[in-house]
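Chemist: Dropping in my_file38.cif, with mmCIF, C-alpha atoms.
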```cif
data_entry
loop_
_atom_site.label_atom_id
_atom_site.label_comp_id
_atom_site.auth_asym_id
_atom_site.auth_seq_id
_atom_site.Cartn_x
_atom_site.Cartn_y
_atom_site.Cartn_z
CA HIS A 1 0.95 16.42 -0.66
CA VAL A 2 1.94 16.84 2.99
CA ALA A 3 3.43 13.97 5.02
CA PHE A 4 2.33 13.89 8.66
CA ASP A 5 4.13 10.74 9.78
CA LEU A 6 6.78 8.17 8.96
CA LEU A 7 5.32 4.65 9.03
CA ASP A 8 7.86 2.82 6.86
CA HIS A 9 11.60 3.34 6.50
CA HIS A 10 14.45 1.06 5.52
CA GLU A 11 16.53 1.88 8.63
CA TYR A 12 13.91 0.46 10.99
CA ARG A 13 12.25 -2.91 11.10
CA ASP A 14 9.28 -1.59 13.04
CA VAL A 15 8.88 2.18 12.70
CA MET A 16 5.44 1.92 14.29
CA ALA A 17 7.16 1.13 17.60
CA CYS A 18 9.36 4.24 17.48
CA SER A 19 8.44 7.38 19.40
CA GLN A 20 6.75 10.31 17.71
CA LEU A 21 9.86 12.42 18.22
CA GLN A 22 12.03 9.82 16.49
CA GLN A 23 9.58 9.42 13.61
CA LEU A 24 9.37 13.16 12.97
CA THR A 25 13.13 13.56 13.28
CA GLU A 26 13.70 10.87 10.67
CA LEU A 27 11.00 12.31 8.44
CA SER A 28 12.69 15.73 8.56
CA LYS A 29 15.83 14.15 7.10
CA LEU A 30 13.87 12.97 4.08
CA LEU A 31 11.53 15.89 3.30
CA GLN A 32 11.44 19.67 3.44
CA SER A 33 8.86 21.34 5.69
CA PHE A 34 6.02 22.99 3.81
CA ARG A 35 5.52 26.74 3.83
CA VAL A 36 2.46 28.80 2.98
CA PRO A 37 1.74 29.45 0.20
CA LEU A 38 2.67 26.12 -1.33
CA LEU A 39 4.61 26.83 -4.52
CA LYS A 40 3.88 24.75 -7.60
CA THR A 41 7.60 24.62 -8.30
CA GLY A 42 8.33 23.11 -4.88
CA PRO A 43 8.70 19.44 -3.93
CA ALA A 44 5.73 17.19 -4.68
CA ILE A 45 5.75 15.89 -1.09
CA ARG A 46 6.44 18.14 1.88
CA MET A 47 6.65 17.52 5.60
CA VAL A 48 4.19 18.95 8.09
CA ARG A 49 5.57 21.76 10.26
CA TRP A 50 6.25 20.78 13.87
CA ALA A 51 7.86 22.26 16.95
CA GLU A 52 9.23 20.82 20.18
CA ASP A 53 10.91 23.76 21.93
CA TYR A 54 8.56 26.06 23.89
CA ASP A 55 9.59 29.26 22.05
CA ASP A 56 9.35 27.47 18.70
CA LYS A 57 5.83 26.37 19.59
CA LEU A 58 4.83 29.96 20.36
CA ARG A 59 6.25 31.19 17.04
CA LEU A 60 4.46 28.43 15.15
CA MET A 61 1.20 29.18 16.94
CA GLN A 62 1.46 32.88 16.04
CA GLU A 63 2.17 32.01 12.42
CA VAL A 64 -0.84 29.71 12.18
CA ARG A 65 -3.12 32.32 13.75
CA GLN A 66 -1.86 35.05 11.44
CA ARG A 67 -2.86 33.01 8.40
CA GLU A 68 -6.07 31.85 10.11
CA GLY A 69 -5.17 28.17 10.15
CA GLU A 70 -7.63 25.72 11.64
CA GLY A 71 -5.52 24.57 14.58
CA TRP A 72 -2.93 22.02 15.68
CA VAL A 73 -2.40 18.35 16.37
CA MET A 74 -0.59 17.88 19.68
CA ARG A 75 1.37 14.66 20.15
CA ARG A 76 3.13 13.26 23.20
CA ALA A 77 6.78 13.13 22.09
CA GLY A 78 7.51 9.72 23.63
CA SER A 79 4.35 8.00 22.43
CA VAL A 80 4.23 5.50 19.57
CA TYR A 81 1.82 5.51 16.66
CA GLN A 82 -1.69 4.30 17.55
CA ASN A 83 -4.27 3.52 14.94
CA ALA A 84 -7.08 4.66 17.24
CA ARG A 85 -8.23 7.60 19.33
CA SER A 86 -5.75 8.35 22.07
CA THR A 87 -4.94 10.98 24.68
CA ASP A 88 -1.38 10.90 23.29
CA TRP A 89 -2.70 12.60 20.15
CA MET A 90 -5.11 15.51 20.47
CA ARG A 91 -6.47 17.88 17.85
CA PHE A 92 -7.01 21.46 18.98
CA ARG A 93 -9.20 23.65 16.81
CA ASP A 94 -8.43 27.34 17.16
CA ARG A 95 -11.22 28.81 15.06
CA GLU A 96 -14.17 28.59 17.44
CA LYS A 97 -15.40 32.07 18.34
CA GLU A 98 -18.49 33.76 19.72
CA TYR A 99 -20.77 35.66 17.35
CA ASP A 100 -23.74 37.96 17.90
CA VAL A 101 -26.53 36.87 15.56
CA VAL A 102 -30.22 37.61 15.04
CA VAL A 103 -32.98 35.05 15.66
CA LEU A 104 -35.17 34.57 12.58
CA ASP A 105 -37.25 31.46 13.26
CA TYR A 106 -37.74 28.37 15.45
CA LYS A 107 -38.31 24.67 14.98
CA ARG A 108 -39.74 22.04 17.30
CA GLY A 109 -37.31 19.53 18.72
CA THR A 110 -37.34 15.77 18.50
CA GLY A 111 -36.80 13.04 21.08
CA LYS A 112 -36.37 14.54 24.55
CA PHE A 113 -36.83 18.02 23.05
CA LEU A 114 -40.13 17.11 21.37
CA ASN A 115 -42.21 19.52 23.45
CA THR A 116 -39.85 22.44 23.26
CA VAL A 117 -37.67 24.33 20.78
CA GLY A 118 -35.11 22.13 19.04
CA GLY A 119 -33.24 24.94 17.31
CA VAL A 120 -33.33 28.54 16.18
CA LYS A 121 -32.60 29.91 12.73
CA VAL A 122 -30.14 32.79 12.85
CA GLY A 123 -28.89 35.45 10.48
CA LEU A 124 -26.64 38.46 9.91
CA TYR A 125 -27.14 41.72 8.04
CA ASP A 126 -25.30 42.32 4.76
CA SER A 127 -23.79 45.62 3.60
CA ILE A 128 -27.10 46.94 2.20
CA GLY A 129 -29.11 46.21 5.34
CA GLN A 130 -30.74 42.93 4.33
CA ILE A 131 -30.84 40.03 6.79
CA ARG A 132 -29.24 36.83 5.50
CA GLU A 133 -29.93 33.40 7.02
CA ILE A 134 -26.75 31.59 8.10
CA GLY A 135 -28.20 28.35 9.51
CA TRP A 136 -29.76 26.66 12.52
CA VAL A 137 -28.36 26.44 16.05
CA GLY A 138 -29.73 23.45 17.95
CA SER A 139 -27.07 22.35 20.41
CA GLY A 140 -25.70 24.01 23.52
CA TRP A 141 -28.96 25.45 24.86
CA THR A 142 -30.04 24.74 28.43
CA ASP A 143 -33.57 23.59 29.24
CA ALA A 144 -34.33 27.07 30.61
CA GLN A 145 -33.13 28.70 27.40
CA ARG A 146 -35.23 26.32 25.30
CA ASP A 147 -38.28 27.15 27.43
CA ASP A 148 -37.56 30.85 26.92
CA PHE A 149 -37.38 30.32 23.16
CA TRP A 150 -40.65 28.39 23.29
CA GLN A 151 -42.41 31.29 25.00
CA ARG A 152 -40.98 33.73 22.48
CA TRP A 153 -42.10 31.45 19.65
CA GLN A 154 -45.66 31.38 20.99
CA ARG A 155 -45.65 35.19 21.10
CA GLY A 156 -44.32 35.38 17.55
CA GLU A 157 -41.19 37.11 18.81
CA ASN A 158 -38.02 37.15 16.73
CA GLY A 159 -35.45 39.67 15.57
CA PHE A 160 -33.59 39.74 18.89
CA VAL A 161 -29.87 39.17 19.42
CA ILE A 162 -28.34 36.00 20.80
CA VAL A 163 -24.75 34.81 21.22
CA ILE A 164 -23.54 31.58 19.62
CA LYS A 165 -20.24 29.78 19.16
CA SER A 166 -19.16 28.55 15.75
CA PHE A 167 -16.09 27.56 13.75
CA GLY A 168 -16.87 30.30 11.26
CA LEU A 169 -18.97 30.11 8.09
CA SER A 170 -18.83 27.62 5.26
CA PHE A 171 -18.43 28.60 1.60
CA ALA A 172 -22.23 28.69 1.48
CA ASP A 173 -22.26 31.20 4.39
CA GLN A 174 -23.68 28.70 6.88
CA VAL A 175 -22.47 28.35 10.48
CA ILE A 176 -20.02 25.48 11.05
CA ARG A 177 -20.70 23.28 14.12
CA PRO A 178 -22.65 26.00 15.96
CA SER A 179 -23.76 25.86 19.59
CA GLY A 180 -25.79 28.25 21.71
CA VAL A 181 -24.37 30.48 24.43
CA ARG A 182 -26.92 33.01 25.70
CA VAL A 183 -29.61 35.56 24.84
CA ARG A 184 -28.47 39.16 25.04
CA SER A 185 -30.29 41.46 27.46
CA PRO A 186 -32.91 43.79 25.89
CA GLY A 187 -31.25 46.95 24.57
CA ASP A 188 -27.77 45.47 24.95
CA LYS A 189 -27.20 45.35 21.19
CA ARG A 190 -29.34 46.30 18.22
CA PRO A 191 -29.97 43.57 15.63
CA GLU A 192 -28.74 45.91 12.86
CA GLU A 193 -25.31 45.87 14.48
CA CYS A 194 -24.99 42.15 13.78
CA THR A 195 -23.41 42.34 10.34
CA PHE A 196 -21.12 40.10 8.31
CA GLU A 197 -18.43 42.79 8.45
CA CYS A 198 -18.57 43.13 12.24
CA GLU A 199 -18.99 39.47 13.20
CA ILE A 200 -17.24 37.55 10.40
CA GLY A 201 -14.81 40.21 9.21
CA ARG A 202 -15.85 40.20 5.58
CA ALA A 203 -18.69 41.19 3.27
CA TYR A 204 -21.58 38.82 2.62
CA GLY A 205 -20.66 36.23 -0.02
CA ALA A 206 -16.98 37.20 -0.12
CA MET A 207 -14.70 34.26 0.59
CA LYS A 208 -11.07 34.17 1.60
CA ALA A 209 -8.44 32.14 -0.22
CA PRO A 210 -8.71 28.42 0.65
CA ALA A 211 -4.98 28.33 1.42
CA LYS A 212 -5.58 30.45 4.52
CA ARG A 213 -7.80 27.72 5.93
CA ARG A 214 -5.18 24.98 5.53
CA PRO A 215 -4.58 23.19 8.88
CA ILE A 216 -1.16 22.45 10.20
#
```
Give the structure from the file, written as structure tokens.
Modeler:
Amino acid sequence: HVAFDLLDHHEYRDVMACSQLQQLTELSKLLQSFRVPLLKTGPAIRMVRWAEDYDDKLRLMQEVRQREGEGWVMRRAGSVYQNARSTDWMRFRDREKEYDVVVLDYKRGTGKFLNTVGGVKVGLYDSIGQIREIGWVGSGWTDAQRDDFWQRWQRGENGFVIVIKSFGLSFADQVIRPSGVRVRSPGDKRPEECTFECEIGRAYGAMKAPAKRRPI
């Protein structure tokens, strides 16, 4: 278990009214900070890693990126705990990247996109040259891009390369929170170059250790 906050302590009547800096400082006196990997022989409850000094923040950021962590929670040091969304607390995901993928199919949209393309099915090539479907991309496209997809759909055109943004692939090799970016120019990149190894950094179906995905 990892403790992210201190909401009750015998030295304070109302810890909720204390600043984030004071809460984390007090929490650090009670618990050890967790390290990756988490050892089974370690404490049952550990404290989330945090940094206040600029250089310490840079070192922590580099560490998280090296182990491919999901991102950070940024807190205003003088703010108090708020049980609601707030600009004093912001989550920054660091995993969103652009990927070159191959268009496999289309589907009609709904609502305001009823008469155009609602999304495109995309895929990547595995190590033996077979195309593998990795999900649908429906958000992020402009009206002009949707019209372009519609025309391509009517012509039965697929197999071309587009650029999307995604937070990587799930354990089922499906894109996580994808959004569209652009269509690559003809001849800019061959579909066969869009492979799991090149775009995702691993072979099809091979998963990394869950511990490397642990957020901080």
Chemist: I need the residue set behind the PyMOL selection byres ((chain A and resi 61) around 12) for this file; please write it as JSON, numbers by chain.
Modeler: {"A": [49, 50, 51, 54, 55, 56, 57, 58, 59, 60, 62, 63, 64, 65, 66, 67, 68, 69, 70, 71, 72, 73, 74, 92, 93, 94, 215, 216]}
Chemist: Could you dump the residues just selected with C-alpha atoms as a PDB file, in the coordinates of the input?
Modeler:
```
ATOM      1  CA  ARG A  49       5.570  21.760  10.260  1.00  0.00           C
ATOM      2  CA  TRP A  50       6.250  20.780  13.870  1.00  0.00           C
ATOM      3  CA  ALA A  51       7.860  22.260  16.950  1.00  0.00           C
ATOM      4  CA  TYR A  54       8.560  26.060  23.890  1.00  0.00           C
ATOM      5  CA  ASP A  55       9.590  29.260  22.050  1.00  0.00           C
ATOM      6  CA  ASP A  56       9.350  27.470  18.700  1.00  0.00           C
ATOM      7  CA  LYS A  57       5.830  26.370  19.590  1.00  0.00           C
ATOM      8  CA  LEU A  58       4.830  29.960  20.360  1.00  0.00           C
ATOM      9  CA  ARG A  59       6.250  31.190  17.040  1.00  0.00           C
ATOM     10  CA  LEU A  60       4.460  28.430  15.150  1.00  0.00           C
ATOM     11  CA  GLN A  62       1.460  32.880  16.040  1.00  0.00           C
ATOM     12  CA  GLU A  63       2.170  32.010  12.420  1.00  0.00           C
ATOM     13  CA  VAL A  64      -0.840  29.710  12.180  1.00  0.00           C
ATOM     14  CA  ARG A  65      -3.120  32.320  13.750  1.00  0.00           C
ATOM     15  CA  GLN A  66      -1.860  35.050  11.440  1.00  0.00           C
ATOM     16  CA  ARG A  67      -2.860  33.010   8.400  1.00  0.00           C
ATOM     17  CA  GLU A  68      -6.070  31.850  10.110  1.00  0.00           C
ATOM     18  CA  GLY A  69      -5.170  28.170  10.150  1.00  0.00           C
ATOM     19  CA  GLU A  70      -7.630  25.720  11.640  1.00  0.00           C
ATOM     20  CA  GLY A  71      -5.520  24.570  14.580  1.00  0.00           C
ATOM     21  CA  TRP A  72      -2.930  22.020  15.680  1.00  0.00           C
ATOM     22  CA  VAL A  73      -2.400  18.350  16.370  1.00  0.00           C
ATOM     23  CA  MET A  74      -0.590  17.880  19.680  1.00  0.00           C
ATOM     24  CA  PHE A  92      -7.010  21.460  18.980  1.00  0.00           C
ATOM     25  CA  ARG A  93      -9.200  23.650  16.810  1.00  0.00           C
ATOM     26  CA  ASP A  94      -8.430  27.340  17.160  1.00  0.00           C
ATOM     27  CA  PRO A 215      -4.580  23.190   8.880  1.00  0.00           C
ATOM     28  CA  ILE A 216      -1.160  22.450  10.200  1.00  0.00           C
TER      29      ILE A 216
END
```
Chemist: Skipping near chain neighbours, those fewer than 6 positions away, what residues fall within 12 Å of Lys40 in chain A using only C-alpha atoms, listed as a list in words?
Modeler: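 Using only C-alpha atoms, the neighbours found are His1, Phe34 and Arg46 of chain A.
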Chemist: Identify all residues satisfying the PyMOL selection byres ((chain A and resi 118-126) around 7) in the given file; provide them as a ChimeraX atom specification.
Modeler: /A:101-110,113,116-117,127-138,192,194-196,203-204
Chemist: Please indicate the distance in Å from CA of Asp173 in chain A to CA of Gly140 in chain A, rounded to one decimal place.
Modeler: 20.7 Å
Chemist: Determine the nearest neighbour of Gln145 in chain A from the options A:Lys165, A:Arg182, A:Gly111, A:Gly201, counting all atoms listed in the file.
Modeler: A:Arg182
Chemist: Suppose you want the space between CA of Ser33 in chain A and CA of Asp14 in chain A; what is it in Å?
Modeler: 24.1 Å
Chemist: Just checking: using only C-alpha atoms, which residue out of A:Leu30, A:Ala172, A:Ile162, A:Leu24 ends up closest to Asp100 in chain A?
Modeler: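 Of all the options, A:Ile162 lies closest to Asp100 in chain A.
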Chemist: Can you turn the PyMOL selection byres ((chain A and resi 180) around 6) into a concrete residue list for this file, as JSON, numbers by chain?
Modeler: {"A": [140, 141, 164, 179, 181]}
Chemist: Calculate how many Å separate CA of Val2 in chain A from CA of Pro43 in chain A, rounding to one decimal.
Modeler: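 According to the coordinates, CA of Val2 in chain A and CA of Pro43 in chain A are separated by 10.0 Å.
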Chemist: Which residue, A:Leu27, A:Ala17, A:Leu7, A:Val183, has the smallest gap to Ala144 in chain A when you use all atoms listed in the file?
Modeler: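 The closest residue to Ala144 in chain A is A:Val183.
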Chemist: Return the single residue from A:Tyr99, A:Arg146, A:Ala3, A:Trp89 that is closest to Val163 in chain A, with distances computed using only C-alpha atoms.
Modeler: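 Distance minimum relative to Val163 in chain A lands on A:Tyr99.
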Chemist: So, counting only C-alpha atoms, which residue among A:Gly205, A:Pro186, A:Pro191, A:Asp5 is closest to Ser170 in chain A?
Modeler: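 When distances to Ser170 in chain A are compared using only C-alpha atoms, the smallest one comes from A:Gly205.
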Chemist: List as number ranges by chain the residues having at least one atom at most 12 Å from position (7.2, 8.1, 17.1) as given in the file, counting all atoms listed in the file.
Modeler: A: 4-8, 12, 14-27, 75-82, 88-89
